[in-house]
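K.L.:
Dropping in input_10.cif, which is mmCIF, C-alpha atoms:
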data_coords
#
loop_
_atom_site.group_PDB
_atom_site.id
_atom_site.type_symbol
_atom_site.label_atom_id
_atom_site.label_comp_id
_atom_site.auth_asym_id
_atom_site.auth_seq_id
_atom_site.Cartn_x
_atom_site.Cartn_y
_atom_site.Cartn_z
ATOM 1 C CA MET H 1 88.978 81.881 86.688
ATOM 2 C CA GLU H 2 91.327 82.941 83.897
ATOM 3 C CA LEU H 3 93.671 85.765 84.804
ATOM 4 C CA THR H 4 94.234 88.852 82.715
ATOM 5 C CA VAL H 5 97.825 89.550 81.626
ATOM 6 C CA ARG H 6 97.981 92.320 84.237
ATOM 7 C CA GLU H 7 96.844 89.949 87.003
ATOM 8 C CA ALA H 8 99.178 87.192 85.839
ATOM 9 C CA VAL H 9 102.176 89.547 85.777
ATOM 10 C CA LEU H 10 101.402 90.805 89.270
ATOM 11 C CA ARG H 11 101.014 87.251 90.565
ATOM 12 C CA ALA H 12 104.348 86.222 89.036
ATOM 13 C CA LEU H 13 106.125 89.242 90.552
ATOM 14 C CA GLU H 14 104.504 88.593 93.933
ATOM 15 C CA GLN H 15 105.544 84.957 93.956
ATOM 16 C CA ALA H 16 109.109 85.972 93.027
ATOM 17 C CA ARG H 17 109.230 88.931 95.425
ATOM 18 C CA GLY H 18 112.848 89.916 96.029
ATOM 19 C CA ALA H 19 114.045 88.512 92.698
ATOM 20 C CA ARG H 20 113.965 90.077 89.243
ATOM 21 C CA LEU H 21 112.081 88.600 86.298
ATOM 22 C CA SER H 22 112.989 89.676 82.786
ATOM 23 C CA GLY H 23 110.356 90.692 80.278
ATOM 24 C CA GLY H 24 111.294 87.699 78.143
ATOM 25 C CA MET H 25 110.993 85.324 81.081
ATOM 26 C CA LEU H 26 107.556 86.693 81.955
ATOM 27 C CA ALA H 27 106.429 86.519 78.312
ATOM 28 C CA ASP H 28 107.533 82.893 77.982
ATOM 29 C CA ARG H 29 105.987 81.894 81.301
ATOM 30 C CA LEU H 30 102.637 83.536 80.548
ATOM 31 C CA GLY H 31 102.526 82.722 76.845
ATOM 32 C CA VAL H 32 102.167 86.336 75.706
ATOM 33 C CA SER H 33 104.285 88.867 73.846
ATOM 34 C CA ARG H 34 106.901 91.114 75.435
ATOM 35 C CA ALA H 35 104.792 94.070 74.305
ATOM 36 C CA ALA H 36 101.899 92.695 76.385
ATOM 37 C CA ILE H 37 104.208 92.377 79.404
ATOM 38 C CA HIS H 38 105.435 95.953 78.958
ATOM 39 C CA LYS H 39 101.856 97.214 78.706
ATOM 40 C CA ALA H 40 100.806 95.283 81.839
ATOM 41 C CA ILE H 41 103.737 96.698 83.806
ATOM 42 C CA GLY H 42 102.655 100.198 82.766
ATOM 43 C CA VAL H 43 99.078 99.590 83.909
ATOM 44 C CA LEU H 44 100.238 98.231 87.263
ATOM 45 C CA ARG H 45 102.466 101.251 87.814
ATOM 46 C CA SER H 46 99.585 103.582 86.938
ATOM 47 C CA GLU H 47 97.580 101.874 89.694
ATOM 48 C CA GLY H 48 100.190 102.836 92.256
ATOM 49 C CA ILE H 49 102.117 99.551 92.436
ATOM 50 C CA THR H 50 105.842 100.240 92.691
ATOM 51 C CA ILE H 51 107.745 98.052 90.234
ATOM 52 C CA ASP H 52 111.490 98.454 89.790
ATOM 53 C CA GLY H 53 112.802 97.960 86.271
ATOM 54 C CA VAL H 54 116.471 97.672 85.339
ATOM 55 C CA PRO H 55 117.436 97.537 81.628
ATOM 56 C CA GLY H 56 118.683 94.040 81.022
ATOM 57 C CA GLY H 57 117.969 93.076 84.625
ATOM 58 C CA GLY H 58 114.210 92.646 84.655
ATOM 59 C CA TYR H 59 111.343 93.696 86.908
ATOM 60 C CA ARG H 60 110.593 93.225 90.570
ATOM 61 C CA LEU H 61 108.142 94.569 93.124
ATOM 62 C CA SER H 62 109.810 97.240 95.207
ATOM 63 C CA PRO H 63 110.604 96.163 98.776
ATOM 64 C CA GLU H 64 108.599 99.210 99.910
ATOM 65 C CA ASP H 65 105.523 98.191 97.895
ATOM 66 C CA ASP H 66 102.474 97.660 100.113
ATOM 67 C CA SER H 67 99.837 97.334 97.421
ATOM 68 C CA LEU H 68 96.650 95.432 98.162
ATOM 69 C CA THR H 69 95.222 93.663 95.117
ATOM 70 C CA ALA H 70 93.335 90.431 94.550
ATOM 71 C CA ALA H 71 96.099 89.034 92.335
ATOM 72 C CA GLY H 72 98.751 89.959 94.890
ATOM 73 C CA VAL H 73 96.924 88.272 97.785
ATOM 74 C CA GLN H 74 95.932 85.208 95.758
ATOM 75 C CA ALA H 75 99.537 84.697 94.673
ATOM 76 C CA LEU H 76 100.324 83.915 98.312
ATOM 77 C CA LEU H 77 97.385 81.574 98.995
ATOM 78 C CA ASP H 78 97.564 77.814 99.403
ATOM 79 C CA THR H 79 93.838 77.480 100.081
ATOM 80 C CA ILE H 80 91.260 75.324 98.342
ATOM 81 C CA PHE H 81 88.221 77.593 98.594
ATOM 82 C CA VAL H 82 88.867 80.589 100.858
ATOM 83 C CA GLY H 83 89.864 83.628 98.802
ATOM 84 C CA ARG H 84 89.814 81.886 95.432
ATOM 85 C CA ASP H 85 87.060 84.359 94.530
ATOM 86 C CA MET H 86 88.051 87.792 95.832
ATOM 87 C CA LEU H 87 87.241 91.449 95.426
ATOM 88 C CA VAL H 88 89.494 94.260 96.684
ATOM 89 C CA MET H 89 88.119 97.790 96.908
ATOM 90 C CA PRO H 90 90.040 100.973 97.787
ATOM 91 C CA SER H 91 87.319 102.164 100.170
ATOM 92 C CA LEU H 92 84.058 100.770 101.562
ATOM 93 C CA THR H 93 81.694 101.736 104.344
ATOM 94 C CA SER H 94 82.174 98.337 106.001
ATOM 95 C CA THR H 95 83.227 95.019 104.485
ATOM 96 C CA ASN H 96 80.552 93.212 106.528
ATOM 97 C CA THR H 97 77.822 95.674 105.532
ATOM 98 C CA VAL H 98 78.694 95.589 101.836
ATOM 99 C CA MET H 99 78.997 91.803 101.899
ATOM 100 C CA LYS H 100 75.434 91.539 103.258
ATOM 101 C CA GLU H 101 74.054 94.137 100.863
ATOM 102 C CA ARG H 102 75.658 92.962 97.608
ATOM 103 C CA HIS H 103 77.509 89.660 97.737
ATOM 104 C CA LEU H 104 75.601 86.967 99.646
ATOM 105 C CA ASP H 105 75.053 85.096 96.365
ATOM 106 C CA ARG H 106 78.805 84.624 95.894
ATOM 107 C CA ALA H 107 80.501 81.268 96.363
ATOM 108 C CA HIS H 108 81.483 79.707 99.678
ATOM 109 C CA GLY H 109 84.831 81.245 100.620
ATOM 110 C CA PHE H 110 84.425 84.535 98.712
ATOM 111 C CA VAL H 111 86.488 87.327 100.304
ATOM 112 C CA LEU H 112 85.929 91.082 100.269
ATOM 113 C CA LEU H 113 88.842 93.353 101.254
ATOM 114 C CA ALA H 114 88.993 97.125 101.615
ATOM 115 C CA GLY H 115 91.884 99.541 101.780
ATOM 116 C CA GLU H 116 89.835 101.556 104.266
ATOM 117 C CA GLN H 117 86.428 101.477 105.937
ATOM 118 C CA THR H 118 84.506 104.694 106.434
ATOM 119 C CA ALA H 119 81.909 103.114 108.736
ATOM 120 C CA GLY H 120 83.625 100.049 110.164
ATOM 121 C CA ARG H 121 81.690 98.084 112.780
ATOM 122 C CA GLY H 122 82.665 96.064 115.822
ATOM 123 C CA ARG H 123 80.762 93.936 118.318
ATOM 124 C CA LEU H 124 77.841 95.327 120.326
ATOM 125 C CA GLY H 125 77.308 98.200 117.908
ATOM 126 C CA ARG H 126 80.739 99.714 118.420
ATOM 127 C CA THR H 127 82.579 101.532 115.635
ATOM 128 C CA PHE H 128 85.856 100.221 114.239
ATOM 129 C CA CYS H 129 87.834 103.188 112.946
ATOM 130 C CA SER H 130 89.800 101.952 109.945
ATOM 131 C CA PRO H 131 91.483 104.564 107.761
ATOM 132 C CA ALA H 132 93.682 103.807 104.778
ATOM 133 C CA GLU H 133 97.133 102.256 105.220
ATOM 134 C CA THR H 134 96.750 101.553 108.935
ATOM 135 C CA GLY H 135 95.277 98.053 108.834
ATOM 136 C CA VAL H 136 93.859 95.042 107.035
ATOM 137 C CA TYR H 137 90.067 94.872 106.765
ATOM 138 C CA LEU H 138 88.370 91.836 105.225
ATOM 139 C CA THR H 139 85.229 89.722 105.334
ATOM 140 C CA ILE H 140 84.905 86.028 104.471
ATOM 141 C CA LEU H 141 81.589 84.657 103.174
ATOM 142 C CA LEU H 142 80.606 81.119 104.167
ATOM 143 C CA HIS H 143 77.648 78.904 103.346
ATOM 144 C CA PRO H 144 78.289 76.445 106.166
ATOM 145 C CA ALA H 145 77.229 72.821 106.226
ATOM 146 C CA LEU H 146 77.724 72.723 109.992
ATOM 147 C CA PRO H 147 75.431 71.810 112.883
ATOM 148 C CA LEU H 148 73.887 74.899 114.469
ATOM 149 C CA THR H 149 75.801 74.117 117.651
ATOM 150 C CA HIS H 150 79.071 74.596 115.738
ATOM 151 C CA ILE H 151 78.260 77.926 114.099
ATOM 152 C CA GLN H 152 79.613 79.878 117.075
ATOM 153 C CA LEU H 153 82.888 77.956 116.752
ATOM 154 C CA VAL H 154 83.559 79.706 113.433
ATOM 155 C CA THR H 155 84.389 82.863 115.401
ATOM 156 C CA ILE H 156 86.820 80.825 117.467
ATOM 157 C CA ALA H 157 88.374 79.493 114.252
ATOM 158 C CA ALA H 158 88.836 83.077 113.053
ATOM 159 C CA ALA H 159 90.498 84.143 116.315
ATOM 160 C CA VAL H 160 92.957 81.245 116.133
ATOM 161 C CA ALA H 161 93.680 82.057 112.486
ATOM 162 C CA VAL H 162 94.420 85.710 113.207
ATOM 163 C CA THR H 163 96.858 84.901 116.025
ATOM 164 C CA GLU H 164 98.667 82.351 113.852
ATOM 165 C CA ALA H 165 98.831 84.754 110.902
ATOM 166 C CA ILE H 166 100.290 87.516 113.070
ATOM 167 C CA GLY H 167 102.843 85.104 114.466
ATOM 168 C CA GLN H 168 103.825 84.042 110.950
ATOM 169 C CA THR H 169 104.105 87.526 109.449
ATOM 170 C CA ALA H 170 104.930 89.882 112.332
ATOM 171 C CA GLY H 171 107.083 87.600 114.449
ATOM 172 C CA PHE H 172 105.308 87.709 117.807
ATOM 173 C CA ALA H 173 102.578 85.652 119.454
ATOM 174 C CA PRO H 174 99.433 87.530 120.501
ATOM 175 C CA GLN H 175 96.734 86.084 122.743
ATOM 176 C CA ILE H 176 92.938 85.943 122.643
ATOM 177 C CA LYS H 177 90.466 87.461 125.067
ATOM 178 C CA TRP H 178 87.246 85.490 124.968
ATOM 179 C CA VAL H 179 85.551 85.436 122.701
ATOM 180 C CA ASN H 180 87.288 87.078 119.760
ATOM 181 C CA ASP H 181 89.550 90.001 120.672
ATOM 182 C CA VAL H 182 93.216 89.531 119.784
ATOM 183 C CA LEU H 183 95.535 91.198 122.302
ATOM 184 C CA MET H 184 99.199 91.881 122.823
ATOM 185 C CA HIS H 185 100.210 92.940 126.338
ATOM 186 C CA ASP H 186 96.498 93.488 127.105
ATOM 187 C CA ARG H 187 96.075 95.906 124.181
ATOM 188 C CA LYS H 188 93.662 95.037 121.389
ATOM 189 C CA ILE H 189 95.331 94.694 118.004
ATOM 190 C CA ALA H 190 92.560 92.887 116.094
ATOM 191 C CA GLY H 191 88.835 92.272 116.260
ATOM 192 C CA ILE H 192 86.356 89.872 114.688
ATOM 193 C CA LEU H 193 82.659 90.331 113.937
ATOM 194 C CA THR H 194 80.687 87.268 112.827
ATOM 195 C CA GLU H 195 77.144 87.683 111.515
ATOM 196 C CA ALA H 196 74.621 85.139 110.230
ATOM 197 C CA THR H 197 71.733 85.339 107.792
ATOM 198 C CA VAL H 198 68.944 82.921 108.697
ATOM 199 C CA GLU H 199 66.262 81.361 106.506
ATOM 200 C CA GLY H 200 62.953 82.591 107.907
ATOM 201 C CA GLU H 201 60.859 79.396 107.826
ATOM 202 C CA SER H 202 63.399 76.738 108.735
ATOM 203 C CA GLY H 203 65.681 78.821 110.927
ATOM 204 C CA ALA H 204 68.700 77.359 109.095
ATOM 205 C CA VAL H 205 71.790 79.495 108.586
ATOM 206 C CA ASN H 206 72.036 80.468 104.913
ATOM 207 C CA SER H 207 75.222 82.467 105.118
ATOM 208 C CA LEU H 208 77.821 83.363 107.683
ATOM 209 C CA ILE H 209 80.091 86.366 107.262
ATOM 210 C CA VAL H 210 83.290 86.693 109.244
ATOM 211 C CA GLY H 211 84.695 90.216 109.424
ATOM 212 C CA ILE H 212 88.310 90.663 110.539
ATOM 213 C CA GLY H 213 90.171 93.894 111.210
ATOM 214 C CA VAL H 214 93.844 94.046 112.201
ATOM 215 C CA ASN H 215 95.669 97.233 113.222
ATOM 216 C CA LEU H 216 99.000 97.401 111.402
ATOM 217 C CA ARG H 217 99.955 100.862 112.636
ATOM 218 C CA PRO H 218 98.578 103.199 115.327
ATOM 219 C CA ASN H 219 95.512 105.015 114.099
ATOM 220 C CA PRO H 220 95.941 108.806 114.212
ATOM 221 C CA ALA H 221 92.187 109.168 114.770
ATOM 222 C CA TRP H 222 92.179 107.175 118.030
ATOM 223 C CA PRO H 223 91.080 109.308 120.971
ATOM 224 C CA ALA H 224 93.104 109.052 124.171
ATOM 225 C CA SER H 225 90.591 106.658 125.717
ATOM 226 C CA VAL H 226 90.962 104.239 122.794
ATOM 227 C CA ARG H 227 94.716 104.713 122.538
ATOM 228 C CA ALA H 228 95.064 103.409 126.092
ATOM 229 C CA VAL H 229 93.569 100.010 125.204
ATOM 230 C CA ALA H 230 94.286 99.664 121.459
ATOM 231 C CA GLY H 231 97.546 98.610 119.867
ATOM 232 C CA ALA H 232 99.066 97.895 116.484
ATOM 233 C CA LEU H 233 101.466 95.325 115.059
ATOM 234 C CA SER H 234 104.152 97.957 114.454
ATOM 235 C CA GLU H 235 104.397 98.526 118.218
ATOM 236 C CA PHE H 236 105.333 94.924 118.937
ATOM 237 C CA GLY H 237 107.115 93.701 115.803
ATOM 238 C CA ASN H 238 107.703 94.411 112.148
ATOM 239 C CA PRO H 239 104.394 95.207 110.444
ATOM 240 C CA PRO H 240 103.980 92.888 107.451
ATOM 241 C CA ARG H 241 102.789 93.903 104.018
ATOM 242 C CA ARG H 242 99.004 94.042 103.855
ATOM 243 C CA ALA H 243 98.828 91.400 101.119
ATOM 244 C CA ALA H 244 101.049 89.028 103.110
ATOM 245 C CA LEU H 245 98.995 89.434 106.289
ATOM 246 C CA ALA H 246 95.671 89.065 104.459
ATOM 247 C CA ALA H 247 96.863 85.901 102.703
ATOM 248 C CA ALA H 248 98.162 84.412 105.955
ATOM 249 C CA ILE H 249 94.835 85.069 107.701
ATOM 250 C CA LEU H 250 92.903 83.373 104.892
ATOM 251 C CA CYS H 251 95.227 80.354 104.793
ATOM 252 C CA HIS H 252 95.096 79.798 108.546
ATOM 253 C CA PHE H 253 91.339 80.362 108.622
ATOM 254 C CA GLU H 254 90.720 77.643 106.040
ATOM 255 C CA ARG H 255 92.803 75.196 108.076
ATOM 256 C CA ALA H 256 90.913 76.043 111.268
ATOM 257 C CA TYR H 257 87.539 75.859 109.518
ATOM 258 C CA HIS H 258 88.536 72.465 108.069
ATOM 259 C CA LEU H 259 88.689 71.103 111.625
ATOM 260 C CA LEU H 260 85.029 72.034 112.085
ATOM 261 C CA ASP H 261 84.082 70.545 108.719
ATOM 262 C CA GLU H 262 85.652 67.262 109.825
ATOM 263 C CA ALA H 263 84.023 67.332 113.289
ATOM 264 C CA ARG H 264 87.445 67.823 114.906
ATOM 265 C CA GLN H 265 86.326 70.780 117.002
ATOM 266 C CA GLY H 266 88.204 69.377 119.992
ATOM 267 C CA GLU H 267 91.508 70.122 118.226
ATOM 268 C CA LEU H 268 90.364 73.634 117.402
ATOM 269 C CA LEU H 269 89.304 74.304 120.990
ATOM 270 C CA GLN H 270 92.652 73.007 122.246
ATOM 271 C CA GLN H 271 94.429 75.550 120.024
ATOM 272 C CA TYR H 272 92.059 78.273 121.211
ATOM 273 C CA ARG H 273 92.506 77.454 124.919
ATOM 274 C CA SER H 274 96.276 77.630 124.575
ATOM 275 C CA ARG H 275 95.972 81.230 123.377
ATOM 276 C CA LEU H 276 93.435 82.523 125.909
ATOM 277 C CA CYS H 277 94.826 85.300 128.096
ATOM 278 C CA CYS H 278 91.923 85.386 130.560
ATOM 279 C CA LEU H 279 92.270 81.942 132.135
ATOM 280 C CA ASN H 280 92.890 82.056 135.901
ATOM 281 C CA ARG H 281 92.528 85.850 135.913
ATOM 282 C CA GLN H 282 90.022 88.131 137.590
ATOM 283 C CA VAL H 283 87.517 89.530 135.090
ATOM 284 C CA THR H 284 84.457 91.735 135.015
ATOM 285 C CA VAL H 285 81.552 90.012 133.288
ATOM 286 C CA THR H 286 79.084 92.295 131.501
ATOM 287 C CA GLY H 287 75.802 90.678 130.521
ATOM 288 C CA PRO H 288 72.336 91.830 129.521
ATOM 289 C CA ALA H 289 71.095 91.850 133.115
ATOM 290 C CA ALA H 290 74.052 92.932 135.244
ATOM 291 C CA SER H 291 77.818 93.084 135.671
ATOM 292 C CA TYR H 292 79.812 91.182 138.265
ATOM 293 C CA GLU H 293 83.347 90.261 139.247
ATOM 294 C CA ALA H 294 84.531 86.703 138.720
ATOM 295 C CA LEU H 295 87.484 84.403 138.261
ATOM 296 C CA CYS H 296 87.867 82.896 134.787
ATOM 297 C CA THR H 297 88.322 79.167 135.385
ATOM 298 C CA GLY H 298 88.123 77.477 131.993
ATOM 299 C CA LEU H 299 86.452 76.807 128.669
ATOM 300 C CA ASP H 300 83.934 74.053 127.998
ATOM 301 C CA ASP H 301 83.698 71.819 124.929
ATOM 302 C CA ASN H 302 81.307 74.237 123.202
ATOM 303 C CA GLY H 303 83.631 77.225 123.492
ATOM 304 C CA HIS H 304 81.676 78.715 126.393
ATOM 305 C CA LEU H 305 83.641 80.473 129.115
ATOM 306 C CA LEU H 306 83.494 79.196 132.686
ATOM 307 C CA VAL H 307 83.709 81.773 135.468
ATOM 308 C CA ARG H 308 83.279 81.610 139.269
ATOM 309 C CA ASP H 309 81.720 84.627 140.937
ATOM 310 C CA MET H 310 82.560 86.037 144.358
ATOM 311 C CA ARG H 311 79.938 83.776 146.007
ATOM 312 C CA GLY H 312 81.623 80.689 144.587
ATOM 313 C CA GLU H 313 78.960 79.973 141.980
ATOM 314 C CA THR H 314 80.116 78.838 138.527
ATOM 315 C CA HIS H 315 78.545 80.394 135.412
ATOM 316 C CA THR H 316 78.775 79.228 131.806
ATOM 317 C CA LEU H 317 78.950 82.170 129.411
ATOM 318 C CA SER H 318 77.757 81.723 125.851
ATOM 319 C CA THR H 319 77.166 85.441 125.307
ATOM 320 C CA GLY H 320 78.207 88.665 126.955
ATOM 321 C CA GLU H 321 81.558 90.313 127.373
ATOM 322 C CA ILE H 322 84.441 90.245 129.801
ATOM 323 C CA SER H 323 87.087 92.780 130.667
ATOM 324 C CA ILE H 324 90.297 91.703 132.359
ATOM 325 C CA ARG H 325 91.110 93.364 135.654
ATOM 326 C CA LEU H 326 94.685 94.632 135.435
#
Written as structure tokens, how would this file's structure read?

P.N.:
Amino acid sequence: MELTVREAVLRALEQARGARLSGGMLADRLGVSRAAIHKAIGVLRSEGITIDGVPGGGYRLSPEDDSLTAAGVQALLDTIFVGRDMLVMPSLTSTNTVMKERHLDRAHGFVLLAGEQTAGRGRLGRTFCSPAETGVYLTILLHPALPLTHIQLVTIAAAVAVTEAIGQTAGFAPQIKWVNDVLMHDRKIAGILTEATVEGESGAVNSLIVGIGVNLRPNPAWPASVRAVAGALSEFGNPPRRAALAAAILCHFERAYHLLDEARQGELLQQYRSRLCCLNRQVTVTGPAASYEALCTGLDDNGHLLVRDMRGETHTLSTGEISIRL
């Protein structure tokens, strides 16, 4: 996809973040006139992107700039298909909802990002409060050529990707609570919601959408009950720029998904196990029929959790939820 001059200028500034690029340098690199560069800089500034300009010294993105644009995120990608087609919106009801309503015909790897969600959703019908400038909210569209038994492993791939991206950009190593909550010191800093669309007659999965929300800063709308269990990257490290975190998530997700594509799910599960915070801990298992106390003893080769209840019986969990007893 050919970039506009505005997009190309933003990509060049993003890739050179911290250094200045002169108007002449940008014009030569992009094969356009200096007047076109000057006009593009003006448009970017009008969109709220902070660009420093020094006469004779060139342009650079301000260190305080936290803009979220497709060109800015894509400038940081080293992916083959994830995020190469991307749409960034200032505000959406929910990236998963809008993806299902409007974009299921997009290419494998299409990404939808939002500056805020007004009706964000989590697992089990929960809400995911996601106001502007407090987090990164995105959904990845997949048209998987995977066995049905491996579809559930895509959520595991996303959880691994989020922990690796946070480690890369925020400088600390979070853990995972089965199946897909990302925690730091037992406080949830990110969540994942994977949804499938199924072909009615064959039962085959047409599309898979992977929604990811990461809390960059504490949410002022959190009630006390949520504040006790939720956390944000700024409380444990330096919160990265939204574009940098989004790009890191997409890059790590493609690598994790590649393991499934190549039937190397054992490697993915090994990475996942090493990040699980619930192993060898007492948990409360909540299922459709009842809740019970158990010891988390392991993870099988399908990503199912193994727990031993108080009577000594072992259960294999493919669905349901656990809470860790502190």

K.L.:
For the PyMOL selection byres ((chain H and resi 80-82) around 10), applied here, can you spell out every residue it catches as a ChimeraX atom specification?

P.N.:
/H:74,77-79,83-86,107-111,140-142,247,250-255,257

K.L.:
For the atom pair CA of Arg273 (chain H) and CA of Thr163 (chain H), what is the interatomic distance in Å to one decimal place?

P.N.:
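Straight-line distance from CA of Arg273 (chain H) to CA of Thr163 (chain H) works out to 12.4 Å.
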
K.L.:
Evaluating the PyMOL selection byres ((chain H and resi 276) around 8) on the displayed file yields which residues, as a VMD selection string?

P.N.:
chain H and resid 175 to 178 272 to 275 277 to 279

K.L.:
Taking the file as shown, find all residues satisfying the PyMOL selection byres ((chain H and resi 317) around 10) and write them as a list in words.

P.N.:
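Checked against the file, the PyMOL selection byres ((chain H and resi 317) around 10) matches Trp178, Val179, Val285, Gly287, Leu299, Asp300, Gly303, His304, Leu305, Leu306, Val307, Thr314, His315, Thr316, Ser318, Thr319, Gly320, Glu321 and Ile322 of chain H.
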
K.L.:
Using all atoms listed in the file, which residues sit within 9 Å of region 165-174 of chain H once same-chain residues fewer than 6 positions away are excluded, as a PyMOL selection string?

P.N.:
chain H and resi 182-185+189+233-234+236-241+244-253+275

K.L.:
I'd like the contact shell of Leu146 (chain H) - 12 Å cut-off, all atoms listed in the file, skipping same-chain residues fewer than 3 positions apart - returned as number ranges by chain.

P.N.:
H: 142-143, 149-154, 204-208, 257-265

K.L.:
What does the distance between CA of Thr95 (chain H) and CA of Gly213 (chain H) come to in Å, to one decimal place?

P.N.:
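These two atoms are separated by 9.7 Å.
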
K.L.:
Could you jot down the CA of Ile37 (chain H) to CA of Gly24 (chain H) separation for me, Å, one decimal place?

P.N.:
8.6 Å

K.L.:
Which is closer to Val32 (chain H) than all the others in H:Asn302, H:Gln15, H:Asn219, H:Thr4, using all atoms listed in the file?

P.N.:
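Distance minimum relative to Val32 (chain H) lands on H:Thr4.
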
K.L.:
From the options H:Leu269, H:Leu112, H:Ala196, H:Val73, which residue's atoms come nearest to Ile209 (chain H), counting all atoms listed in the file?

P.N.:
H:Ala196

K.L.:
For Thr50 (chain H), which of H:Ala27, H:Ala228, H:Leu104, H:Leu10 is the closest residue, counting all atoms listed in the file?

P.N.:
H:Leu10

K.L.:
First collect every listed atom of region 14-20 of chain H; then fit an axis-aligned box around them, widen it by 6 Å on each side, and give centre and edge lengths in Å to one decimal, as AutoDock Vina command-line options.

P.N.:
--center_x 109.3 --center_y 87.5 --center_z 92.6 --size_x 21.5 --size_y 17.1 --size_z 18.8

K.L.:
Taking into account only C-alpha atoms, which residue in the set H:Ala36, H:Arg29, H:Trp222, H:Leu21 is nearest to Gly56 (chain H)?

P.N.:
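Going through H:Ala36, H:Arg29, H:Trp222, H:Leu21 one by one, the smallest distance to Gly56 (chain H) is for H:Leu21.
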
K.L.:
Which one is closest to Leu68 (chain H): H:Gly298, H:Gly312, H:Pro223, H:Gly115? Count only C-alpha atoms.

P.N.:
H:Gly115

K.L.:
For Thr194 (chain H), which residue out of H:Arg308, H:Arg217, H:Arg60, H:Lys100 is the nearest one, using all atoms listed in the file?

P.N.:
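Of H:Arg308, H:Arg217, H:Arg60, H:Lys100, the one nearest Thr194 (chain H), counting all atoms listed in the file, is H:Lys100.
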
K.L.:
Since the input lacks atoms, please generate N, CA, C and O atoms for region 137-148 of chain H and provide them as a short mmCIF file (atom, residue, chain, number, x, y, z; two decimals), in the frame of the given file.

P.N.:
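Below you can see part11.cif, which holds the result:
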data_model
loop_
_atom_site.label_atom_id
_atom_site.label_comp_id
_atom_site.auth_asym_id
_atom_site.auth_seq_id
_atom_site.Cartn_x
_atom_site.Cartn_y
_atom_site.Cartn_z
N TYR H 137 91.49 94.98 106.48
CA TYR H 137 90.07 94.87 106.76
C TYR H 137 89.45 93.94 105.72
O TYR H 137 89.48 94.24 104.53
N LEU H 138 88.90 92.81 106.17
CA LEU H 138 88.37 91.84 105.22
C LEU H 138 87.18 91.10 105.82
O LEU H 138 87.00 91.05 107.03
N THR H 139 86.36 90.55 104.93
CA THR H 139 85.23 89.72 105.33
C THR H 139 85.20 88.47 104.48
O THR H 139 85.35 88.53 103.25
N ILE H 140 85.00 87.33 105.14
CA ILE H 140 84.90 86.03 104.47
C ILE H 140 83.45 85.59 104.47
O ILE H 140 82.77 85.65 105.50
N LEU H 141 82.96 85.16 103.30
CA LEU H 141 81.59 84.66 103.17
C LEU H 141 81.60 83.13 103.22
O LEU H 141 82.37 82.49 102.50
N LEU H 142 80.72 82.57 104.05
CA LEU H 142 80.61 81.12 104.17
C LEU H 142 79.15 80.70 104.00
O LEU H 142 78.24 81.41 104.42
N HIS H 143 78.96 79.55 103.39
CA HIS H 143 77.65 78.90 103.35
C HIS H 143 77.83 77.56 104.07
O HIS H 143 78.03 76.52 103.43
N PRO H 144 77.81 77.59 105.38
CA PRO H 144 78.29 76.44 106.17
C PRO H 144 77.34 75.25 106.15
O PRO H 144 76.12 75.39 106.20
N ALA H 145 77.96 74.08 106.06
CA ALA H 145 77.23 72.82 106.23
C ALA H 145 77.59 72.26 107.59
O ALA H 145 78.11 71.16 107.73
N LEU H 146 77.34 73.07 108.62
CA LEU H 146 77.72 72.72 109.99
C LEU H 146 76.48 72.62 110.86
O LEU H 146 75.48 73.31 110.61
N PRO H 147 76.53 71.79 111.91
CA PRO H 147 75.43 71.81 112.88
C PRO H 147 75.31 73.20 113.51
O PRO H 147 76.31 73.92 113.66
N LEU H 148 74.09 73.58 113.87
CA LEU H 148 73.89 74.90 114.47
C LEU H 148 74.75 75.09 115.71
O LEU H 148 75.20 76.20 116.00
#
